[in-house]
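Asker: One file: start03.tsv (TSV, C-alpha atoms).
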```tsv
chain	number	residue	atom	x	y	z
U	1	MET	CA	-22.91	10.91	-2.65
U	2	ARG	CA	-21.47	10.44	0.81
U	3	ALA	CA	-17.73	11.01	0.86
U	4	LEU	CA	-15.01	11.31	3.48
U	5	ASN	CA	-13.38	14.60	2.61
U	6	VAL	CA	-11.21	17.42	3.87
U	7	PRO	CA	-13.34	20.55	3.29
U	8	ALA	CA	-10.48	23.04	3.19
U	9	ALA	CA	-6.72	23.20	3.70
U	10	GLY	CA	-5.94	22.49	7.35
U	11	GLY	CA	-9.39	21.04	7.99
U	12	GLN	CA	-10.26	17.72	9.58
U	13	PRO	CA	-11.73	14.88	7.51
U	14	ARG	CA	-15.52	14.76	7.63
U	15	LEU	CA	-18.27	12.66	6.10
U	16	SER	CA	-20.60	14.81	4.01
U	17	ASP	CA	-22.58	14.88	0.78
U	18	LEU	CA	-20.77	15.89	-2.39
U	19	PRO	CA	-21.84	15.85	-6.06
U	20	VAL	CA	-21.30	12.60	-7.96
U	21	PRO	CA	-18.49	13.27	-10.48
U	22	GLY	CA	-19.18	12.80	-14.17
U	23	PRO	CA	-16.89	10.74	-16.38
U	24	VAL	CA	-14.53	12.56	-18.72
U	25	GLU	CA	-12.15	11.19	-21.33
U	26	GLY	CA	-9.92	8.43	-20.00
U	27	THR	CA	-11.80	7.92	-16.73
U	28	VAL	CA	-14.09	5.31	-15.18
U	29	LEU	CA	-16.88	6.15	-12.74
U	30	VAL	CA	-17.09	3.36	-10.16
U	31	ARG	CA	-19.85	2.71	-7.64
U	32	VAL	CA	-17.58	1.87	-4.74
U	33	LYS	CA	-18.20	-1.27	-2.72
U	34	ALA	CA	-14.99	-1.17	-0.66
U	35	ALA	CA	-11.94	1.06	-0.30
U	36	GLY	CA	-8.55	0.16	1.16
U	37	LEU	CA	-6.82	2.56	3.54
U	38	ASN	CA	-3.16	3.50	3.16
U	39	ALA	CA	-0.72	5.70	5.04
U	40	ILE	CA	-0.76	8.20	2.18
U	41	ASP	CA	-4.39	9.00	3.00
U	42	ASN	CA	-3.26	10.69	6.21
U	43	ALA	CA	-0.47	12.53	4.40
U	44	LEU	CA	-2.90	13.93	1.85
U	45	ALA	CA	-5.41	14.86	4.56
U	46	ALA	CA	-2.71	16.84	6.35
U	47	GLY	CA	-1.61	18.60	3.16
U	48	MET	CA	1.90	17.16	3.47
U	49	MET	CA	2.21	16.80	-0.32
U	50	ALA	CA	0.54	20.09	-1.30
U	51	GLU	CA	3.82	21.73	-2.31
U	52	MET	CA	4.58	18.92	-4.76
U	53	LEU	CA	1.06	18.33	-6.05
U	54	PRO	CA	-1.62	21.05	-5.98
U	55	HIS	CA	-4.61	20.16	-3.80
U	56	VAL	CA	-8.19	21.20	-4.57
U	57	TYR	CA	-10.85	21.19	-1.87
U	58	PRO	CA	-13.07	19.56	-0.84
U	59	LEU	CA	-10.51	16.78	-1.15
U	60	VAL	CA	-11.90	13.24	-1.02
U	61	LEU	CA	-9.61	10.76	0.73
U	62	GLY	CA	-8.76	7.21	-0.33
U	63	ARG	CA	-6.71	5.82	-3.22
U	64	ASP	CA	-7.79	2.16	-3.62
U	65	ALA	CA	-11.24	0.86	-4.49
U	66	ALA	CA	-13.25	-2.08	-5.75
U	67	GLY	CA	-16.73	-1.73	-7.13
U	68	VAL	CA	-18.98	-1.73	-10.18
U	69	VAL	CA	-18.54	0.43	-13.27
U	70	GLU	CA	-21.29	3.05	-13.42
U	71	ALA	CA	-20.09	4.93	-16.51
U	72	VAL	CA	-17.01	5.29	-18.70
U	73	GLY	CA	-15.47	8.28	-20.43
U	74	ALA	CA	-14.44	8.56	-24.06
U	75	GLY	CA	-11.58	6.34	-25.10
U	76	VAL	CA	-12.21	3.66	-22.46
U	77	ASP	CA	-12.82	0.25	-23.99
U	78	HIS	CA	-11.25	-2.28	-21.61
U	79	VAL	CA	-14.07	-2.09	-19.06
U	80	ALA	CA	-17.79	-1.47	-19.50
U	81	VAL	CA	-20.81	-0.44	-17.45
U	82	GLY	CA	-21.71	-3.23	-15.03
U	83	ASP	CA	-18.20	-4.73	-14.82
U	84	GLU	CA	-16.83	-5.51	-11.37
U	85	VAL	CA	-13.47	-3.78	-11.13
U	86	ILE	CA	-10.46	-2.94	-8.97
U	87	GLY	CA	-8.90	0.48	-9.28
U	88	HIS	CA	-6.50	3.02	-7.90
U	89	MET	CA	-6.40	6.81	-7.83
U	90	LEU	CA	-3.00	7.61	-9.30
U	91	LEU	CA	-1.09	10.57	-7.88
U	92	ALA	CA	-1.61	13.24	-10.53
U	93	PRO	CA	-2.40	16.91	-10.09
U	94	PRO	CA	-4.71	18.26	-8.97
U	95	ILE	CA	-5.29	16.06	-5.93
U	96	GLN	CA	-9.03	16.11	-5.21
U	97	ALA	CA	-10.83	12.90	-6.17
U	98	GLY	CA	-10.69	9.88	-3.86
U	99	THR	CA	-12.22	6.49	-3.19
U	100	LEU	CA	-13.68	6.84	0.33
U	101	ALA	CA	-17.00	7.73	-1.25
U	102	GLU	CA	-20.05	6.07	-2.74
U	103	TYR	CA	-18.69	6.91	-6.21
U	104	ALA	CA	-15.12	7.40	-7.41
U	105	LEU	CA	-13.88	8.75	-10.73
U	106	LEU	CA	-10.74	6.73	-11.43
U	107	PRO	CA	-8.17	7.02	-14.22
U	108	ALA	CA	-8.79	4.26	-16.74
U	109	ALA	CA	-5.06	3.49	-16.70
U	110	ALA	CA	-5.49	2.15	-13.16
U	111	VAL	CA	-8.77	0.21	-13.46
U	112	THR	CA	-8.98	-3.49	-14.28
U	113	ARG	CA	-11.64	-6.18	-14.07
U	114	LYS	CA	-11.89	-7.93	-10.72
U	115	PRO	CA	-11.42	-11.70	-10.80
U	116	ALA	CA	-14.69	-13.44	-10.02
U	117	GLY	CA	-13.08	-15.36	-7.17
U	118	LEU	CA	-12.14	-12.19	-5.30
U	119	ASP	CA	-14.73	-10.36	-3.19
U	120	PHE	CA	-14.84	-6.56	-3.20
U	121	THR	CA	-13.38	-6.17	0.29
U	122	THR	CA	-10.39	-8.37	-0.47
U	123	ALA	CA	-9.84	-6.72	-3.85
U	124	ALA	CA	-9.83	-3.20	-2.37
U	125	ALA	CA	-6.89	-4.10	-0.11
U	126	LEU	CA	-4.59	-4.89	-3.02
U	127	PRO	CA	-3.54	-2.03	-5.32
U	128	LEU	CA	-1.22	0.39	-3.53
U	129	ALA	CA	0.21	-1.81	-0.77
U	130	ALA	CA	0.81	-4.85	-2.97
U	131	ALA	CA	2.30	-2.69	-5.73
U	132	ALA	CA	4.65	-1.02	-3.23
U	133	ALA	CA	5.71	-4.41	-1.89
U	134	LYS	CA	6.40	-5.73	-5.38
U	135	ALA	CA	8.44	-2.64	-6.28
U	136	ALA	CA	10.54	-3.05	-3.13
U	137	VAL	CA	11.08	-6.77	-3.67
U	138	ASP	CA	12.01	-6.28	-7.33
U	139	ALA	CA	14.45	-3.54	-6.32
U	140	VAL	CA	16.57	-5.84	-4.13
U	141	GLU	CA	16.57	-8.58	-6.79
U	142	PRO	CA	16.41	-11.48	-4.31
U	143	GLU	CA	17.78	-14.84	-5.30
U	144	PRO	CA	16.81	-18.24	-3.86
U	145	GLY	CA	18.76	-19.01	-0.71
U	146	GLN	CA	19.43	-15.38	0.19
U	147	THR	CA	18.30	-13.78	3.45
U	148	VAL	CA	16.28	-10.55	3.37
U	149	LEU	CA	15.25	-8.39	6.32
U	150	VAL	CA	11.87	-6.65	6.11
U	151	VAL	CA	11.54	-3.79	8.60
U	152	GLY	CA	7.89	-2.89	9.18
U	153	ALA	CA	6.64	-6.30	8.10
U	154	GLY	CA	3.55	-6.13	10.30
U	155	GLY	CA	1.74	-3.56	8.16
U	156	GLY	CA	-0.09	-3.85	4.88
U	157	VAL	CA	2.90	-3.43	2.58
U	158	GLY	CA	4.99	-5.69	4.79
U	159	SER	CA	2.45	-8.51	4.71
U	160	TYR	CA	2.73	-8.60	0.92
U	161	ALA	CA	6.52	-8.18	0.86
U	162	VAL	CA	7.03	-11.17	3.16
U	163	GLN	CA	4.98	-13.37	0.85
U	164	LEU	CA	6.56	-12.18	-2.38
U	165	LEU	CA	10.03	-12.80	-0.96
U	166	ALA	CA	9.13	-16.25	0.38
U	167	ALA	CA	7.73	-17.16	-3.04
U	168	ARG	CA	11.20	-16.51	-4.50
U	169	GLY	CA	12.84	-18.97	-2.14
U	170	VAL	CA	14.21	-16.32	0.19
U	171	THR	CA	14.77	-16.65	3.94
U	172	VAL	CA	12.65	-13.79	5.29
U	173	VAL	CA	13.54	-12.03	8.54
U	174	ALA	CA	10.58	-9.86	9.54
U	175	THR	CA	10.31	-7.23	12.24
U	176	GLY	CA	7.10	-7.03	14.24
U	177	THR	CA	5.81	-7.48	17.76
U	178	ALA	CA	5.41	-10.73	19.65
U	179	ALA	CA	1.73	-10.60	18.72
U	180	ASP	CA	2.66	-10.48	15.03
U	181	ALA	CA	4.87	-13.56	15.12
U	182	GLY	CA	2.26	-16.18	14.28
U	183	ARG	CA	0.71	-14.13	11.49
U	184	LEU	CA	4.05	-13.25	9.87
U	185	THR	CA	5.31	-16.82	10.11
U	186	ALA	CA	2.13	-18.01	8.42
U	187	LEU	CA	2.79	-15.52	5.61
U	188	GLY	CA	6.27	-16.94	5.03
U	189	ALA	CA	8.68	-15.32	7.50
U	190	THR	CA	11.42	-17.62	8.80
U	191	THR	CA	12.35	-15.40	11.74
U	192	VAL	CA	10.30	-12.67	13.44
U	193	VAL	CA	12.33	-10.05	15.31
U	194	ASP	CA	10.38	-8.31	18.08
U	195	TYR	CA	11.43	-4.68	17.71
U	196	THR	CA	9.95	-3.90	21.14
U	197	ALA	CA	12.34	-6.36	22.82
U	198	GLY	CA	15.59	-4.56	21.95
U	199	PRO	CA	17.57	-3.00	19.09
U	200	VAL	CA	16.78	-4.66	15.77
U	201	VAL	CA	20.43	-4.59	14.67
U	202	GLU	CA	21.56	-6.52	17.73
U	203	GLN	CA	18.81	-9.12	17.43
U	204	VAL	CA	19.38	-9.71	13.72
U	205	ARG	CA	23.15	-9.92	14.19
U	206	ALA	CA	22.69	-12.46	16.96
U	207	ALA	CA	20.58	-14.66	14.69
U	208	TYR	CA	22.54	-13.98	11.49
U	209	PRO	CA	26.16	-13.15	12.44
U	210	ASP	CA	27.24	-12.74	8.82
U	211	GLY	CA	24.45	-10.24	8.14
U	212	VAL	CA	21.63	-10.37	5.63
U	213	ASP	CA	21.83	-10.08	1.85
U	214	ALA	CA	19.27	-7.34	1.51
U	215	LEU	CA	17.04	-4.96	3.45
U	216	ILE	CA	13.54	-3.74	2.65
U	217	ASP	CA	12.74	-0.86	4.99
U	218	LEU	CA	9.12	0.26	5.18
U	219	VAL	CA	9.35	2.60	8.18
U	220	ALA	CA	12.52	4.74	8.00
U	221	TYR	CA	12.41	8.19	6.42
U	222	THR	CA	16.19	8.72	6.58
U	223	PRO	CA	19.14	6.34	6.14
U	224	ASP	CA	20.28	7.12	9.69
U	225	SER	CA	17.23	5.33	11.10
U	226	ALA	CA	17.46	2.30	8.82
U	227	PRO	CA	19.40	-0.75	10.14
U	228	LEU	CA	22.02	-0.69	7.40
U	229	ASP	CA	24.61	-2.28	9.69
U	230	VAL	CA	22.97	-5.70	9.36
U	231	VAL	CA	23.38	-5.82	5.58
U	232	ARG	CA	26.59	-7.45	4.41
U	233	LYS	CA	28.91	-5.57	2.07
U	234	GLY	CA	27.62	-5.65	-1.48
U	235	GLY	CA	24.06	-6.05	-0.25
U	236	LYS	CA	21.02	-4.19	-1.53
U	237	VAL	CA	18.54	-1.87	0.17
U	238	ALA	CA	15.06	-0.71	-0.85
U	239	SER	CA	12.96	1.88	0.95
U	240	THR	CA	9.37	2.95	0.36
U	241	LEU	CA	9.84	6.20	2.31
U	242	GLY	CA	12.96	7.69	0.77
U	243	ALA	CA	15.56	6.28	3.19
U	244	ALA	CA	17.70	4.59	0.53
U	245	ASP	CA	20.09	7.48	-0.08
U	246	GLU	CA	22.60	6.32	-2.69
U	247	GLU	CA	25.54	8.28	-1.24
U	248	THR	CA	24.97	6.90	2.26
U	249	LEU	CA	24.56	3.39	0.92
U	250	ALA	CA	27.72	3.64	-1.16
U	251	ALA	CA	29.70	4.71	1.91
U	252	ALA	CA	28.48	1.54	3.64
U	253	GLY	CA	29.40	-0.65	0.69
U	254	LEU	CA	25.76	-1.11	-0.32
U	255	THR	CA	23.55	-0.30	-3.28
U	256	GLY	CA	19.85	0.41	-3.38
U	257	THR	CA	17.00	2.69	-4.22
U	258	SER	CA	13.88	4.32	-2.88
U	259	VAL	CA	10.86	2.98	-4.70
U	260	MET	CA	7.50	4.41	-5.68
U	261	ALA	CA	4.49	2.20	-6.23
U	262	ALA	CA	2.80	2.45	-9.62
U	263	PRO	CA	-0.50	0.55	-9.40
U	264	VAL	CA	-1.45	0.73	-13.07
U	265	ARG	CA	-4.06	-1.68	-14.36
U	266	GLU	CA	-1.60	-4.27	-15.71
U	267	LEU	CA	0.09	-4.60	-12.33
U	268	ILE	CA	-3.19	-4.58	-10.41
U	269	ALA	CA	-4.45	-7.37	-12.67
U	270	GLU	CA	-1.29	-9.40	-12.06
U	271	LEU	CA	-1.55	-9.05	-8.28
U	272	ALA	CA	-5.29	-9.72	-8.29
U	273	ALA	CA	-4.74	-12.93	-10.26
U	274	LEU	CA	-2.25	-14.11	-7.63
U	275	ALA	CA	-4.73	-13.30	-4.86
U	276	ALA	CA	-7.59	-15.05	-6.66
U	277	ALA	CA	-5.39	-18.13	-7.13
U	278	GLY	CA	-4.59	-18.16	-3.41
U	279	THR	CA	-0.86	-17.68	-3.90
U	280	LEU	CA	-0.93	-14.15	-2.46
U	281	LYS	CA	-2.86	-13.82	0.80
U	282	VAL	CA	-4.64	-10.52	1.36
U	283	ASP	CA	-4.05	-9.96	5.06
U	284	ILE	CA	-7.07	-7.92	6.15
U	285	THR	CA	-7.24	-7.40	9.90
U	286	THR	CA	-9.89	-4.66	10.17
U	287	VAL	CA	-13.08	-3.94	8.22
U	288	LEU	CA	-14.99	-0.73	8.94
U	289	PRO	CA	-18.09	1.06	7.64
U	290	LEU	CA	-17.62	4.44	5.95
U	291	GLU	CA	-18.86	6.15	9.14
U	292	LYS	CA	-15.85	4.71	10.99
U	293	ALA	CA	-13.22	5.32	8.31
U	294	THR	CA	-11.53	8.01	10.42
U	295	ASP	CA	-10.93	5.37	13.11
U	296	GLY	CA	-8.94	3.38	10.56
U	297	LEU	CA	-6.97	6.45	9.54
U	298	ALA	CA	-6.18	7.11	13.22
U	299	THR	CA	-4.90	3.54	13.60
U	300	LEU	CA	-2.62	4.03	10.59
U	301	ALA	CA	-1.38	7.35	11.96
U	302	SER	CA	-0.54	5.76	15.31
U	303	GLY	CA	1.65	3.11	13.69
U	304	ALA	CA	-0.46	0.38	15.26
U	305	ALA	CA	-1.98	-0.93	12.02
U	306	ARG	CA	-1.50	-4.62	11.36
U	307	GLY	CA	-2.20	-5.99	7.90
U	308	LYS	CA	-4.74	-4.09	5.81
U	309	ILE	CA	-7.68	-1.94	6.90
U	310	VAL	CA	-10.62	-1.84	4.50
U	311	VAL	CA	-13.71	0.35	4.51
U	312	GLU	CA	-16.93	-1.21	3.16
U	313	ILE	CA	-19.18	1.32	1.45
U	314	GLY	CA	-21.72	-0.32	-0.83
U	315	ASP	CA	-24.17	-3.10	0.05
```
Using structure tokens, write down the structure from this file.
Answerer:
Amino acid sequence: MRALNVPAAGGQPRLSDLPVPGPVEGTVLVRVKAAGLNAIDNALAAGMMAEMLPHVYPLVLGRDAAGVVEAVGAGVDHVAVGDEVIGHMLLAPPIQAGTLAEYALLPAAAVTRKPAGLDFTTAAALPLAAAAAKAAVDAVEPEPGQTVLVVGAGGGVGSYAVQLLAARGVTVVATGTAADAGRLTALGATTVVDYTAGPVVEQVRAAYPDGVDALIDLVAYTPDSAPLDVVRKGGKVASTLGAADEETLAAAGLTGTSVMAAPVRELIAELAALAAAGTLKVDITTVLPLEKATDGLATLASGAARGKIVVEIGD
């Protein structure tokens, strides 16, 4: 099978032929039709998580996929050969298998049937980003009428977070560029703050002098770089990158947590049902062939990605 893989530690991703994996107990072999790209793909390619999770090479990139079940391992009875499915490669050692390939061996715990109304490309953009957005939204426990700031709203996770917040009756303040304004407003943002036009804290304070009720930060790695000053005392903060340090938040009169997405099959099915019903828009801005997947990874690495990038693999 063709697969985008890192041949050895420190190597650059390349497209080459690798053996098709065989199903083992608790796994599902999927003939991949489309794979969604995520920021973690670049982190794994660079070996940034190798100290936490052992890596085995060649390491196939990609975590999300949609396709057709080719075979199932022992103990798998919720999907069968020929089913159209959505799946995710959960982070479990050793890190080696991926979805940017013609076939992917996925854990059965993260594979669910694809709704008939959802095409493969759309489905592949859901698992990790939508699950991360839901975890962040759930963490700040938004209530109708509250105001929530989403920093990094222009990306894949942000596009889902804006919608999930708006669906709960929240006033959504989203950061993006001027070019993002129309798209983010259409997704449910009330106000779009152009982070290229000046400090986010100053702009948000000007529009909301009393501050916001909660912050979802999708770009900061440390609390120092998160705009905590715009959150009113008693407010809540969620970070997808580890910036919600409890001690720092407590000193600012805030509470919060850093969240980890867990795209297991029950959650993927829930999100896919929302997308199939049209209540959760899958904001795909770029579709690439497998031969151009590294271009999509480069866009993610540059921070210029808007919405979701999906790689189409099968016919």
Asker: Neighbouring residues of Ala125 of chain U were defined as those with any atom within 12 Å, considering all atoms listed in the file; residues of the same chain fewer than 2 positions away were excluded. Please report them as a ChimeraX atom specification.
Answerer: /U:33-38,62-66,86-88,118-123,127-131,155-157,159-160,268,271-272,275,280-287,307-312
Asker: Using all atoms listed in the file, determine which residues lie at most 12 Å from Gln146 of chain U, disregarding the query and same-chain residues fewer than 3 positions distant; provide the list as a PyMOL selection string.
Answerer: chain U and resi 140-143+149+165-166+168-173+190+208+210-215+231-232+235-236
Asker: Enumerate, as a list in words, the protein, DNA and RNA residues whose atoms approach (12.3, 5.6, -1.0) to within 9 Å, taking into account only C-alpha atoms and the coordinate frame of the file.
Answerer: Asp217, Leu218, Tyr221, Ala238, Ser239, Thr240, Leu241, Gly242, Ala243, Ala244, Asp245, Thr257, Ser258, Val259 and Met260 of chain U
Asker: Name the residues within 8 Å of (-2.5, 1.7, -16.4), counting all atoms listed in the file in the file's coordinates, and put them as a ChimeraX atom specification.
Answerer: /U:108-111,263-267
Asker: So, counting all atoms listed in the file, which residue among U:Asn5, U:Thr185, U:Gln163, U:Asn42 is closest to Ala133 of chain U?
Answerer: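 Answer, going by the shortest atom-to-atom distance: U:Gln163.
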Asker: Please report the interatomic distance between atom CA of Ala298 of chain U and atom CA of Pro94 of chain U in Å with one decimal.
Answerer: 24.9 Å
Asker: Of the candidates U:Val148, U:Val230, U:Pro223, U:Gly314, which one gets nearest to Glu247 of chain U if we count all atoms listed in the file?
Answerer: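 Among the listed residues, the smallest separation from Glu247 of chain U belongs to U:Pro223.
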